[in-house]
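Asks: Let me give you the structure first, and then I'll get to my questions.
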Amino acid sequence: MAKLTQDELLAQFEEMTLIELAAFVSAFEEKFDVTAAAAAPVVVAGAAGGAAAAEVEEKDEFDVILTGAGDKKIQVIKVVRELTSLGLKEAKDLVDGTPKPVLEKVAKDAAEKAAEALKGAGASVEVK
């Protein structure tokens with residue numbers, strides 16, 4: 001198998017859906033016994049400095065982040081499955097691994113509807 005460059009890998013990841021990328025990250029973490037959560041703040045911190053000027057404009061893409069499942073975890077899993085079309089195991093893993101994004105780069109009204117549905121099921125949610 002030919003070794004892929006970093007740019008080639010990034011191009012492949014760019015073409016993946018959020019669900020495919022989440023499955024890849026889970027498989028990577030399991031295979032190499034690592035956690036990708038520590039890398040996220042570095043990426044966010046690096047992107048925040050360069051994106052500060054861009055945020056002055058009106059945001060048109062929002063992320064819905066599940067911060068807690070609450071007491072009704074099963075109801076939250078059902079809502080996550082409805083919103084994302086994830087399978088039962090993937091939705092359960094997402095809910096168990098909070099905080100995690102449920103939806104990324106969606107319109108404001110879709111983000112608000114998703115947040116309302118999750119809150120209605122008893123979850124804690126952030127829209128960024």
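Scheme for the structure tokens: letters A, B, ... for chains in order shown; per-chain residue numbers from 1; ligand numbers from 1 in order shown.
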May I have the residues within 8 Å of stretch 70-77 of chain A as a PDB file with C-alpha atoms, in the first residue's frame, using only C-alpha atoms and disregarding those fewer than 6 positions away in the same chain?
Replies:
```pdb
ATOM      1  CA  LEU A  88     -28.311   2.714  17.760  1.00  0.00           C
ATOM      2  CA  ALA A  91     -25.977   7.291  18.763  1.00  0.00           C
ATOM      3  CA  LYS A  92     -25.416   5.682  22.182  1.00  0.00           C
ATOM      4  CA  VAL A  95     -24.470  10.407  23.934  1.00  0.00           C
ATOM      5  CA  LEU A 118     -32.674  17.570  22.425  1.00  0.00           C
ATOM      6  CA  ALA A 121     -35.703  14.986  25.644  1.00  0.00           C
ATOM      7  CA  GLY A 122     -33.849  16.237  28.738  1.00  0.00           C
ATOM      8  CA  ALA A 123     -30.369  16.870  27.282  1.00  0.00           C
ATOM      9  CA  SER A 124     -28.049  19.816  27.841  1.00  0.00           C
TER      10      SER A 124
END
```
Asks: Find the residues around A:Ala115 up to 12 Å (only C-alpha atoms counted), leave out those fewer than 2 positions away in its own chain, and share them as number ranges by chain.
Replies: A: 62-67, 76, 79-80, 83, 101-103, 106, 108-113, 117-128
Asks: For A:Ala23, please output as a list of chain:residue names all residues within 12 Å (counting only C-alpha atoms; exclusion window: fewer than 2 positions along the same chain).
Replies: A:Phe13, A:Met16, A:Thr17, A:Leu18, A:Ile19, A:Glu20, A:Leu21, A:Val25, A:Ser26, A:Ala27, A:Phe28, A:Glu29, A:Glu30, A:Leu86, A:Gly87, A:Lys89, A:Glu90, A:Ala91, A:Asp93, A:Leu94
Asks: Could you take the residues named above and write them with all heavy atoms, as a short mmCIF file (atom, residue, chain, number, x, y, z; two decimals), in the first residue's frame?
Replies:
```
data_model
loop_
_atom_site.label_atom_id
_atom_site.label_comp_id
_atom_site.auth_asym_id
_atom_site.auth_seq_id
_atom_site.Cartn_x
_atom_site.Cartn_y
_atom_site.Cartn_z
N PHE A 13 -10.31 13.04 4.14
CA PHE A 13 -11.18 13.38 5.26
C PHE A 13 -12.20 14.44 4.86
O PHE A 13 -13.32 14.45 5.36
CB PHE A 13 -10.38 13.87 6.47
CG PHE A 13 -9.53 12.80 7.11
CD1 PHE A 13 -8.24 13.06 7.51
CD2 PHE A 13 -10.03 11.53 7.31
CE1 PHE A 13 -7.46 12.08 8.10
CE2 PHE A 13 -9.27 10.53 7.90
CZ PHE A 13 -7.98 10.81 8.30
N MET A 16 -15.37 12.95 3.52
CA MET A 16 -16.16 12.10 4.41
C MET A 16 -17.32 12.88 5.04
O MET A 16 -17.20 14.08 5.27
CB MET A 16 -15.28 11.53 5.53
CG MET A 16 -14.18 10.62 5.05
SD MET A 16 -13.09 10.13 6.40
CE MET A 16 -13.77 8.54 6.76
N THR A 17 -18.39 12.16 5.32
CA THR A 17 -19.49 12.77 6.07
C THR A 17 -19.11 12.79 7.55
O THR A 17 -18.15 12.12 7.96
CB THR A 17 -20.79 11.95 5.90
OG1 THR A 17 -20.61 10.67 6.50
CG2 THR A 17 -21.18 11.82 4.45
N LEU A 18 -19.85 13.51 8.33
CA LEU A 18 -19.59 13.58 9.76
C LEU A 18 -19.70 12.20 10.41
O LEU A 18 -18.89 11.84 11.25
CB LEU A 18 -20.58 14.55 10.43
CG LEU A 18 -20.47 14.71 11.93
CD1 LEU A 18 -19.08 15.24 12.30
CD2 LEU A 18 -21.54 15.62 12.45
N ILE A 19 -20.64 11.44 9.97
CA ILE A 19 -20.84 10.10 10.53
C ILE A 19 -19.66 9.20 10.19
O ILE A 19 -19.15 8.47 11.05
CB ILE A 19 -22.17 9.49 10.02
CG1 ILE A 19 -23.34 10.34 10.53
CG2 ILE A 19 -22.32 8.05 10.44
CD1 ILE A 19 -24.65 10.03 9.88
N GLU A 20 -19.21 9.25 8.92
CA GLU A 20 -18.06 8.45 8.52
C GLU A 20 -16.80 8.86 9.27
O GLU A 20 -16.02 8.01 9.70
CB GLU A 20 -17.81 8.59 7.01
CG GLU A 20 -18.88 7.99 6.15
CD GLU A 20 -18.77 8.37 4.69
OE1 GLU A 20 -18.22 9.44 4.37
OE2 GLU A 20 -19.25 7.59 3.86
N LEU A 21 -16.62 10.16 9.45
CA LEU A 21 -15.44 10.66 10.17
C LEU A 21 -15.48 10.25 11.64
O LEU A 21 -14.47 9.86 12.21
CB LEU A 21 -15.34 12.18 10.04
CG LEU A 21 -14.05 12.82 10.52
CD1 LEU A 21 -12.84 12.19 9.83
CD2 LEU A 21 -14.08 14.30 10.26
N VAL A 25 -12.69 8.02 13.55
CA VAL A 25 -12.01 8.44 14.78
C VAL A 25 -12.16 7.36 15.86
O VAL A 25 -11.20 7.03 16.56
CB VAL A 25 -12.55 9.81 15.27
CG1 VAL A 25 -12.05 10.13 16.66
CG2 VAL A 25 -12.16 10.90 14.30
N SER A 26 -13.35 6.80 15.98
CA SER A 26 -13.57 5.73 16.97
C SER A 26 -12.68 4.53 16.68
O SER A 26 -12.06 3.97 17.58
CB SER A 26 -15.03 5.30 16.97
OG SER A 26 -15.85 6.35 17.41
N ALA A 27 -12.62 4.13 15.41
CA ALA A 27 -11.78 2.99 15.02
C ALA A 27 -10.31 3.29 15.26
O ALA A 27 -9.55 2.44 15.74
CB ALA A 27 -12.03 2.63 13.56
N PHE A 28 -9.88 4.51 14.96
CA PHE A 28 -8.49 4.92 15.16
C PHE A 28 -8.14 4.88 16.65
O PHE A 28 -7.09 4.37 17.04
CB PHE A 28 -8.28 6.34 14.61
CG PHE A 28 -6.85 6.81 14.64
CD1 PHE A 28 -6.00 6.55 13.58
CD2 PHE A 28 -6.36 7.51 15.74
CE1 PHE A 28 -4.69 6.98 13.61
CE2 PHE A 28 -5.05 7.94 15.78
CZ PHE A 28 -4.21 7.68 14.70
N GLU A 29 -9.03 5.44 17.48
CA GLU A 29 -8.80 5.44 18.92
C GLU A 29 -8.71 4.01 19.46
O GLU A 29 -7.85 3.71 20.30
CB GLU A 29 -9.93 6.18 19.64
CG GLU A 29 -9.92 7.67 19.43
CD GLU A 29 -11.13 8.37 20.03
OE1 GLU A 29 -12.16 7.71 20.29
OE2 GLU A 29 -11.04 9.57 20.24
N GLU A 30 -9.58 3.14 18.97
CA GLU A 30 -9.59 1.76 19.44
C GLU A 30 -8.33 1.01 18.98
O GLU A 30 -7.69 0.32 19.75
CB GLU A 30 -10.84 1.06 18.91
CG GLU A 30 -11.11 -0.28 19.53
CD GLU A 30 -12.46 -0.83 19.10
OE1 GLU A 30 -13.47 -0.11 19.24
OE2 GLU A 30 -12.48 -1.95 18.60
N LEU A 86 -27.97 8.15 12.65
CA LEU A 86 -26.97 7.21 13.17
C LEU A 86 -27.67 5.92 13.59
O LEU A 86 -28.85 5.93 13.91
CB LEU A 86 -26.26 7.80 14.39
CG LEU A 86 -25.27 8.93 14.18
CD1 LEU A 86 -24.81 9.47 15.53
CD2 LEU A 86 -24.08 8.47 13.38
N GLY A 87 -26.91 4.86 13.65
CA GLY A 87 -27.42 3.61 14.18
C GLY A 87 -27.52 3.71 15.70
O GLY A 87 -27.03 4.66 16.32
N LYS A 89 -26.02 1.96 18.13
CA LYS A 89 -24.73 1.94 18.83
C LYS A 89 -24.00 3.27 18.67
O LYS A 89 -23.46 3.81 19.63
CB LYS A 89 -23.85 0.81 18.29
CG LYS A 89 -22.52 0.72 19.03
CD LYS A 89 -21.63 -0.35 18.47
CE LYS A 89 -20.32 -0.53 19.17
NZ LYS A 89 -19.68 0.61 19.73
N GLU A 90 -23.98 3.82 17.45
CA GLU A 90 -23.29 5.09 17.21
C GLU A 90 -23.94 6.22 17.99
O GLU A 90 -23.25 7.07 18.56
CB GLU A 90 -23.26 5.42 15.71
CG GLU A 90 -22.39 4.49 14.89
CD GLU A 90 -23.09 3.20 14.49
OE1 GLU A 90 -24.32 3.06 14.75
OE2 GLU A 90 -22.41 2.32 13.94
N ALA A 91 -25.27 6.25 18.02
CA ALA A 91 -25.98 7.29 18.76
C ALA A 91 -25.71 7.15 20.26
O ALA A 91 -25.48 8.15 20.95
CB ALA A 91 -27.48 7.22 18.49
N ASP A 93 -23.03 5.79 21.64
CA ASP A 93 -21.63 6.20 21.85
C ASP A 93 -21.51 7.72 21.86
O ASP A 93 -20.77 8.28 22.67
CB ASP A 93 -20.72 5.60 20.79
CG ASP A 93 -20.57 4.09 20.93
OD1 ASP A 93 -20.92 3.54 22.00
OD2 ASP A 93 -20.11 3.46 19.96
N LEU A 94 -22.24 8.39 20.97
CA LEU A 94 -22.20 9.85 20.93
C LEU A 94 -22.73 10.44 22.22
O LEU A 94 -22.13 11.33 22.81
CB LEU A 94 -23.01 10.36 19.73
CG LEU A 94 -22.90 11.84 19.44
CD1 LEU A 94 -22.97 12.06 17.94
CD2 LEU A 94 -23.98 12.64 20.11
#
```
Asks: My list of candidates is A:Glu82, A:Asp96, A:Glu14, A:Asp7. Which is closest to A:Gly68 when distances are computed with only C-alpha atoms?
Replies: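 The shortest atom-to-atom distance to A:Gly68 comes from A:Asp96.
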Asks: What are the DSSP alpha helix (DSSP H) residues of chain A, as a PyMOL selection string?
Replies: chain A and resi 6-15+18-32+39-51+73-84+88-96+108-120
Asks: If you run DSSP on the backbone, which residues of chain A are strand (DSSP E), as a PyMOL selection string?
Replies: chain A and resi 62-68+100-106+124-127
Asks: Calculated over only C-alpha atoms, which of the candidates A:Thr5, A:Ala107, A:Glu15, A:Lys78 has the smallest distance to A:Glu61?
Replies: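 Looking at the shortest contact to A:Glu61, the residue is A:Ala107.
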Asks: Enter the distance from atom CA of A:Thr98 to atom CA of A:Phe24, in Å, rounded to one decimal.
Replies: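 Rounded to one decimal, the two atoms are 17.6 Å apart.
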